[in-house]
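Asks: Provided herewith: entry_30.tsv, TSV, C-alpha atoms.
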chain	number	residue	atom	x	y	z
A	1	MET	CA	-2.29	24.25	-104.89
A	2	MET	CA	-1.03	26.06	-101.81
A	3	ILE	CA	-3.09	28.92	-100.42
A	4	THR	CA	-1.13	32.04	-99.50
A	5	HIS	CA	-1.67	33.88	-96.24
A	6	ALA	CA	-3.20	36.82	-98.12
A	7	GLN	CA	-5.63	34.43	-99.81
A	8	LYS	CA	-6.53	32.93	-96.43
A	9	GLU	CA	-7.31	36.42	-95.10
A	10	GLU	CA	-9.58	37.10	-98.07
A	11	ILE	CA	-11.32	33.74	-97.66
A	12	ALA	CA	-11.92	34.50	-93.98
A	13	ARG	CA	-13.28	37.99	-94.69
A	14	GLN	CA	-15.66	36.70	-97.36
A	15	THR	CA	-16.85	33.87	-95.12
A	16	ILE	CA	-17.56	36.27	-92.25
A	17	ALA	CA	-19.35	38.58	-94.69
A	18	ARG	CA	-21.68	35.70	-95.61
A	19	TYR	CA	-22.27	35.05	-91.90
A	20	GLN	CA	-23.14	38.72	-91.41
A	21	ALA	CA	-25.58	38.59	-94.32
A	22	LYS	CA	-27.35	35.71	-92.58
A	23	ARG	CA	-27.50	37.75	-89.38
A	24	LEU	CA	-29.12	40.64	-91.25
A	25	GLU	CA	-31.69	38.24	-92.70
A	26	SER	CA	-32.34	36.79	-89.24
A	27	TYR	CA	-33.00	40.26	-87.78
A	28	GLN	CA	-35.47	41.04	-90.56
A	29	LYS	CA	-37.43	37.88	-89.75
A	30	MET	CA	-37.47	38.37	-85.98
A	31	HIS	CA	-40.85	39.43	-84.57
A	32	LEU	CA	-42.64	39.44	-81.22
A	33	PRO	CA	-44.20	35.93	-81.57
A	34	GLN	CA	-40.66	34.51	-81.68
A	35	LEU	CA	-39.89	36.11	-78.31
A	36	LEU	CA	-43.21	34.94	-76.85
A	37	GLY	CA	-42.12	31.42	-77.69
A	38	LYS	CA	-39.43	31.68	-75.02
A	39	ASP	CA	-40.04	30.39	-71.48
A	40	VAL	CA	-41.50	33.37	-69.60
A	41	LEU	CA	-41.01	31.58	-66.28
A	42	LEU	CA	-37.27	31.46	-66.88
A	43	PHE	CA	-37.08	35.25	-67.21
A	44	ALA	CA	-39.43	35.89	-64.29
A	45	ALA	CA	-37.34	33.64	-62.04
A	46	ARG	CA	-34.29	35.63	-63.12
A	47	GLY	CA	-35.85	38.83	-61.81
A	48	VAL	CA	-37.36	40.27	-64.99
A	49	THR	CA	-40.51	42.13	-63.87
A	50	THR	CA	-41.55	44.25	-66.87
A	51	ALA	CA	-42.59	43.52	-70.42
A	52	SER	CA	-39.97	45.96	-71.65
A	53	ALA	CA	-37.18	44.12	-69.82
A	54	PHE	CA	-38.56	40.84	-71.16
A	55	VAL	CA	-38.14	42.10	-74.73
A	56	ASP	CA	-34.49	42.98	-74.04
A	57	GLU	CA	-33.71	39.62	-72.43
A	58	ALA	CA	-35.70	37.44	-74.84
A	59	PHE	CA	-34.20	39.24	-77.82
A	60	ARG	CA	-30.69	38.44	-76.62
A	61	ALA	CA	-31.68	34.82	-75.96
A	62	ALA	CA	-33.22	34.41	-79.43
A	63	GLU	CA	-30.28	36.13	-81.03
A	64	SER	CA	-27.74	33.98	-79.20
A	65	SER	CA	-29.40	30.64	-79.97
A	66	SER	CA	-29.52	31.31	-83.70
A	67	GLU	CA	-26.05	32.86	-83.79
A	68	GLU	CA	-24.31	29.83	-82.28
A	69	THR	CA	-25.84	27.51	-84.86
A	70	VAL	CA	-24.91	29.74	-87.80
A	71	MET	CA	-21.41	30.46	-86.47
A	72	GLY	CA	-20.79	26.72	-86.05
A	73	SER	CA	-21.64	26.21	-89.72
A	74	THR	CA	-19.51	29.23	-90.64
A	75	ARG	CA	-16.46	27.82	-88.85
A	76	GLN	CA	-16.91	24.52	-90.67
A	77	GLU	CA	-17.21	26.31	-94.01
A	78	LEU	CA	-14.08	28.30	-93.16
A	79	ALA	CA	-12.15	25.15	-92.26
A	80	ILE	CA	-13.11	23.49	-95.55
A	81	LEU	CA	-12.09	26.53	-97.60
A	82	LEU	CA	-8.82	27.14	-95.74
A	83	SER	CA	-7.84	23.47	-95.91
A	84	ASN	CA	-8.27	23.45	-99.68
A	85	SER	CA	-10.41	20.40	-99.04
A	86	ALA	CA	-11.47	18.13	-101.85
A	87	ASP	CA	-15.00	18.55	-100.53
A	88	THR	CA	-17.71	16.53	-102.24
A	89	GLY	CA	-20.22	16.44	-99.42
A	90	ASP	CA	-17.63	15.11	-96.99
A	91	MET	CA	-14.69	17.15	-95.77
A	92	THR	CA	-11.58	15.42	-97.07
A	93	VAL	CA	-8.07	16.64	-96.35
A	94	VAL	CA	-4.78	15.27	-97.65
A	95	ARG	CA	-1.94	15.49	-95.15
A	96	ASP	CA	1.45	13.76	-95.38
A	97	GLY	CA	0.22	11.58	-98.21
A	98	VAL	CA	-2.88	10.40	-96.32
A	99	LYS	CA	-6.40	11.25	-97.45
A	100	TYR	CA	-8.46	11.92	-94.31
A	101	TYR	CA	-12.24	11.83	-94.21
A	102	CYS	CA	-13.14	14.40	-91.55
A	103	GLU	CA	-16.08	15.19	-89.34
A	104	MET	CA	-16.08	18.55	-87.56
A	105	LYS	CA	-17.85	19.35	-84.31
A	106	SER	CA	-17.93	22.78	-82.70
A	107	GLN	CA	-17.34	21.61	-79.12
A	108	THR	CA	-16.15	18.50	-77.30
A	109	ASN	CA	-19.45	18.17	-75.41
A	110	THR	CA	-21.22	17.50	-78.71
A	111	THR	CA	-19.35	14.20	-78.93
A	112	ASN	CA	-21.07	12.15	-76.20
A	113	PHE	CA	-20.99	8.38	-76.63
A	114	GLY	CA	-24.14	8.08	-78.73
A	115	SER	CA	-23.27	10.84	-81.16
A	116	LEU	CA	-19.62	9.76	-81.26
A	117	ALA	CA	-20.57	6.24	-82.36
A	118	ALA	CA	-22.84	7.67	-85.08
A	119	VAL	CA	-20.05	9.92	-86.35
A	120	LEU	CA	-17.52	7.10	-86.35
A	121	GLN	CA	-19.91	4.87	-88.27
A	122	GLU	CA	-20.12	7.48	-91.03
A	123	LEU	CA	-16.34	7.93	-91.09
A	124	LYS	CA	-15.76	4.18	-91.19
A	125	TYR	CA	-18.17	3.85	-94.10
A	126	ASP	CA	-16.30	6.58	-96.03
A	127	VAL	CA	-12.90	5.04	-95.29
A	128	ASP	CA	-13.96	1.48	-96.15
A	129	ASN	CA	-15.70	2.60	-99.32
A	130	ASP	CA	-12.64	4.58	-100.42
A	131	ARG	CA	-10.30	1.65	-99.72
A	132	SER	CA	-12.57	-0.65	-101.72
A	133	ARG	CA	-12.59	1.77	-104.62
A	134	ALA	CA	-8.81	2.18	-104.34
A	135	HIS	CA	-8.39	-1.59	-104.53
A	136	ARG	CA	-10.43	-1.70	-107.72
A	137	THR	CA	-8.46	1.14	-109.32
A	138	VAL	CA	-5.06	0.01	-107.95
A	139	THR	CA	-4.08	3.25	-106.18
A	140	ASN	CA	-1.64	3.35	-103.30
A	141	GLN	CA	-2.92	6.44	-101.46
A	142	ARG	CA	-3.52	5.75	-97.80
A	143	VAL	CA	-6.86	6.65	-96.26
A	144	GLY	CA	-7.72	7.67	-92.70
A	145	ALA	CA	-10.39	9.32	-90.56
A	146	ALA	CA	-10.27	12.40	-88.35
A	147	LEU	CA	-12.66	13.89	-85.81
A	148	LEU	CA	-12.09	17.65	-85.56
A	149	ILE	CA	-13.17	19.93	-82.71
A	150	SER	CA	-13.08	23.57	-83.83
A	151	ARG	CA	-13.74	25.29	-80.50
A	152	SER	CA	-11.72	23.98	-77.59
A	153	SER	CA	-9.25	25.49	-75.15
A	154	LYS	CA	-7.55	22.10	-75.01
A	155	THR	CA	-5.09	21.37	-77.79
A	156	VAL	CA	-5.08	17.67	-78.68
A	157	ASP	CA	-3.74	15.72	-81.66
A	158	GLU	CA	-3.75	11.99	-81.05
A	159	GLU	CA	-4.73	8.67	-82.54
A	160	ARG	CA	-7.68	6.96	-80.88
A	161	VAL	CA	-9.08	3.45	-81.22
A	162	PHE	CA	-12.72	2.50	-80.61
A	163	HIS	CA	-13.17	-0.55	-78.37
A	164	CYS	CA	-16.45	-2.29	-77.52
A	165	ASP	CA	-15.46	-2.70	-73.87
A	166	SER	CA	-18.91	-2.36	-72.29
A	167	ILE	CA	-22.41	-3.72	-72.75
A	168	ALA	CA	-23.60	-0.28	-73.90
A	169	LYS	CA	-21.11	-0.40	-76.78
A	170	GLN	CA	-22.07	-3.86	-78.05
A	171	PRO	CA	-24.51	-2.51	-80.66
A	172	TYR	CA	-21.48	-0.85	-82.26
A	173	SER	CA	-19.33	-3.96	-82.52
A	174	MET	CA	-18.65	-3.16	-86.19
A	175	LEU	CA	-16.52	-0.25	-84.93
A	176	GLU	CA	-14.22	-2.49	-82.85
A	177	GLY	CA	-10.63	-1.50	-83.57
A	178	PHE	CA	-11.58	1.47	-85.77
A	179	THR	CA	-8.73	3.96	-85.62
A	180	TYR	CA	-9.22	7.68	-86.08
A	181	ARG	CA	-7.35	10.89	-85.43
A	182	PHE	CA	-8.78	13.23	-82.78
A	183	ILE	CA	-7.68	16.85	-83.18
A	184	SER	CA	-8.95	19.83	-81.18
A	185	GLY	CA	-8.23	23.48	-80.44
A	186	ARG	CA	-5.17	25.16	-81.91
A	187	ALA	CA	-3.86	21.82	-83.18
A	188	MET	CA	-6.98	21.46	-85.33
A	189	TRP	CA	-6.65	24.86	-86.95
A	190	GLN	CA	-2.91	24.34	-87.45
A	191	TRP	CA	-3.60	20.99	-89.09
A	192	VAL	CA	-6.43	22.31	-91.26
A	193	ALA	CA	-5.21	25.78	-92.17
A	194	ASP	CA	-1.78	26.42	-90.63
A	195	VAL	CA	-3.17	29.11	-88.31
A	196	ASP	CA	-3.63	29.06	-84.53
A	197	ASP	CA	-7.15	30.44	-84.82
A	198	PRO	CA	-9.17	31.84	-87.73
A	199	ILE	CA	-9.62	35.05	-85.74
A	200	GLU	CA	-6.07	36.04	-86.57
A	201	LEU	CA	-7.09	36.20	-90.23
A	202	VAL	CA	-9.74	38.89	-89.69
A	203	GLN	CA	-8.05	41.22	-87.20
A	204	PRO	CA	-8.52	43.96	-86.21
A	205	LEU	CA	-11.89	42.73	-85.00
A	206	THR	CA	-13.12	46.31	-84.63
A	207	ASN	CA	-13.26	46.54	-88.43
A	208	LEU	CA	-15.41	43.46	-88.99
A	209	ASP	CA	-18.71	45.34	-89.02
A	210	ASP	CA	-19.11	48.37	-91.27
A	211	GLY	CA	-22.08	49.44	-89.16
A	212	ARG	CA	-24.79	47.49	-90.98
A	213	VAL	CA	-25.08	44.66	-88.47
A	214	SER	CA	-25.02	46.85	-85.37
A	215	ALA	CA	-27.56	49.21	-86.95
A	216	ALA	CA	-29.85	46.31	-87.92
A	217	ARG	CA	-29.57	44.93	-84.39
A	218	SER	CA	-30.60	48.25	-82.83
A	219	GLU	CA	-33.44	48.74	-85.29
A	220	THR	CA	-34.77	45.24	-84.65
A	221	LEU	CA	-34.76	45.71	-80.89
A	222	PHE	CA	-36.55	49.07	-81.28
A	223	ARG	CA	-39.16	47.41	-83.54
A	224	LEU	CA	-39.71	44.56	-81.07
A	225	HIS	CA	-40.33	47.05	-78.26
A	226	ASP	CA	-42.84	48.82	-80.49
A	227	GLU	CA	-44.59	45.52	-81.31
A	228	MET	CA	-44.81	44.71	-77.59
A	229	ASN	CA	-46.19	48.14	-76.70
A	230	ARG	CA	-48.83	47.89	-79.43
A	231	GLU	CA	-49.99	44.52	-78.13
A	232	LEU	CA	-50.13	45.73	-74.52
A	233	ILE	CA	-52.14	48.81	-75.47
A	234	ALA	CA	-54.50	46.84	-77.70
A	235	ARG	CA	-55.28	44.43	-74.84
A	236	HIS	CA	-55.27	47.08	-72.07
A	237	LEU	CA	-52.38	45.38	-70.30
A	238	SER	CA	-49.72	46.95	-68.10
A	239	ASP	CA	-45.96	46.84	-68.63
A	240	SER	CA	-45.39	43.73	-66.51
A	241	ILE	CA	-44.09	40.19	-66.89
A	242	ASP	CA	-47.59	38.95	-66.01
A	243	SER	CA	-48.90	40.79	-69.05
A	244	VAL	CA	-46.30	38.99	-71.15
A	245	TYR	CA	-47.75	35.72	-69.90
A	246	GLU	CA	-51.22	36.88	-70.95
A	247	LEU	CA	-49.83	37.50	-74.44
A	248	VAL	CA	-48.24	34.05	-74.44
A	249	LYS	CA	-51.58	32.48	-73.59
A	250	SER	CA	-53.19	34.30	-76.51
A	251	THR	CA	-50.86	32.40	-78.87
A	252	TRP	CA	-52.05	28.98	-77.69
A	253	ARG	CA	-53.91	26.93	-80.25
If you took the structure in this file and wrote it as structure tokens, what would it be?
Replies:
Amino acid sequence: MMITHAQKEEIARQTIARYQAKRLESYQKMHLPQLLGKDVLLFAARGVTTASAFVDEAFRAAESSSEETVMGSTRQELAILLSNSADTGDMTVVRDGVKYYCEMKSQTNTTNFGSLAAVLQELKYDVDNDRSRAHRTVTNQRVGAALLISRSSKTVDEERVFHCDSIAKQPYSMLEGFTYRFISGRAMWQWVADVDDPIELVQPLTNLDDGRVSAARSETLFRLHDEMNRELIARHLSDSIDSVYELVKSTWR
């Protein structure tokens, strides 16, 4: 069944709403010990000299690291929903009469040789297993594999073939000749959902937050500053990055 553009917009809004709910939960769980787990030396070398400034910087670092992971999962969820995928644990998309088993990565740099071979092994297993099942049930649907890159400024849609052309690749000889489709950037979103970018489904971006996320963010940062001040006062420490290090040492077990 085809998904209308209005339905795609609603899917995107609901998916982002679930992402925002996870952000709210993450803020509630964030406390000073999480910040003290960051590398104090990194911030000191950057020029952070006070405990107060450390809280600001470490909060943004903690926030960013968790956000990227959750947003990567959110984009994959969005791609599955917008593609009308027959998802049963694997993302499967039917295009031009071909059933594609798909693996999605957020960025091209997450597909280095080692991880690429592992991904292709999984795709090959799915494709071979499907073809074997198709042979038993006498179906004529073609089956293929696709590696999708959701965040890339480079638009690529091409067929690639794995070749064991080096000693390092010999352990993966079972992949010799395995053909898969590599799709990135706008081409990926066009192929999956017939949009250039999922952002266009949730514009204007200024309306994405009804105030709850920004308010929770501010409240969390205020609370973290209060937690830091309480610890400094309790231990008779000054507002300095060296005092932060003293607090870090107190967490050692």
Asks: Could you check which of A:Glu158, A:Glu176, A:Glu67, A:Asp226 is closest to A:Gln121, using all atoms listed in the file?
Replies: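 So, comparing all the options, the nearest one is A:Glu176.
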Asks: When you look at stretch 122-127 of chain A with a cut-off of 7 Å (counting only C-alpha atoms), what residues show up, excluding the ones that are within fewer than 4 positions of it in the same chain? I need them as a ChimeraX atom specification.
Replies: /A:101,118,131,143-145
Asks: Have a look at A:Gln203, A:Ser132, A:Leu120, A:Arg151 and name the one nearest to A:Thr179; count only C-alpha atoms.
Replies: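 Among the listed residues, A:Leu120 lies closest to A:Thr179.
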Asks: Nearest to A:Gly72 among A:Met104, A:Ala58, A:Val213, A:Leu175, with distances taken over all atoms listed in the file: which residue is it?
Replies: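 Closest to A:Gly72 of all the choices is A:Met104.
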Asks: Nearest residue to A:Val70 out of A:Leu36, A:Val161, A:Leu237, A:Ala21, using all atoms listed in the file?
Replies: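 Nearest candidate to A:Val70 out of A:Leu36, A:Val161, A:Leu237, A:Ala21: A:Ala21.
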Asks: Quick one: residues within 10 Å of (-6.9, 31.6, -93.4) (file frame), counting only C-alpha atoms, please, as a list of chain:residue names.
Replies: A:Ile3, A:Thr4, A:His5, A:Ala6, A:Gln7, A:Lys8, A:Glu9, A:Glu10, A:Ile11, A:Ala12, A:Arg13, A:Leu78, A:Ala79, A:Leu81, A:Leu82, A:Ser83, A:Trp189, A:Val192, A:Ala193, A:Asp194, A:Val195, A:Asp196, A:Asp197, A:Pro198, A:Ile199, A:Glu200, A:Leu201, A:Val202
Asks: Report the distance between atom CA of A:Gln141 and atom CA of A:Gly97 in Å, rounded to one decimal place.
Replies: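 Answer for the atom CA of A:Gln141 to atom CA of A:Gly97 separation: 6.8 Å.
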Asks: Could you please determine the separation between atom CA of A:Ser152 and atom CA of A:Thr92 in Å, to one decimal place?
Replies: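 Those two atoms sit 21.3 Å apart.
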Asks: So, with all atoms listed in the file as the atoms that count, which of A:Asn207, A:Thr251, A:Ser115, A:Ser66 lies closest to A:Glu25?
Replies: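 Nearest to A:Glu25: A:Ser66.
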Asks: For a quick check of understanding, using all atoms listed in the file, which of A:Met91, A:Ala117, A:Asn129, A:Ser240 has the smallest distance to A:Ala53?
Replies: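 Of the candidates, the smallest distance to A:Ala53 is held by A:Ser240.
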Asks: Atom CA of A:Glu103 to atom CA of A:Glu63: how many Å, to one decimal?
Replies: 26.6 Å
Asks: Can you tell me, as a ChimeraX atom specification, what residues are no more than 8 Å from A:Ala146 when counting all atoms listed in the file, ignoring any on the same chain fewer than 5 positions away?
Replies: /A:100-103,180-183
Asks: Quick one: residues within 8 Å of A:Leu35, all atoms listed in the file, excluding same-chain residues fewer than 4 positions away - as a list in words?
Replies: His31, Val55, Ala58, Phe59 and Ala62 of chain A
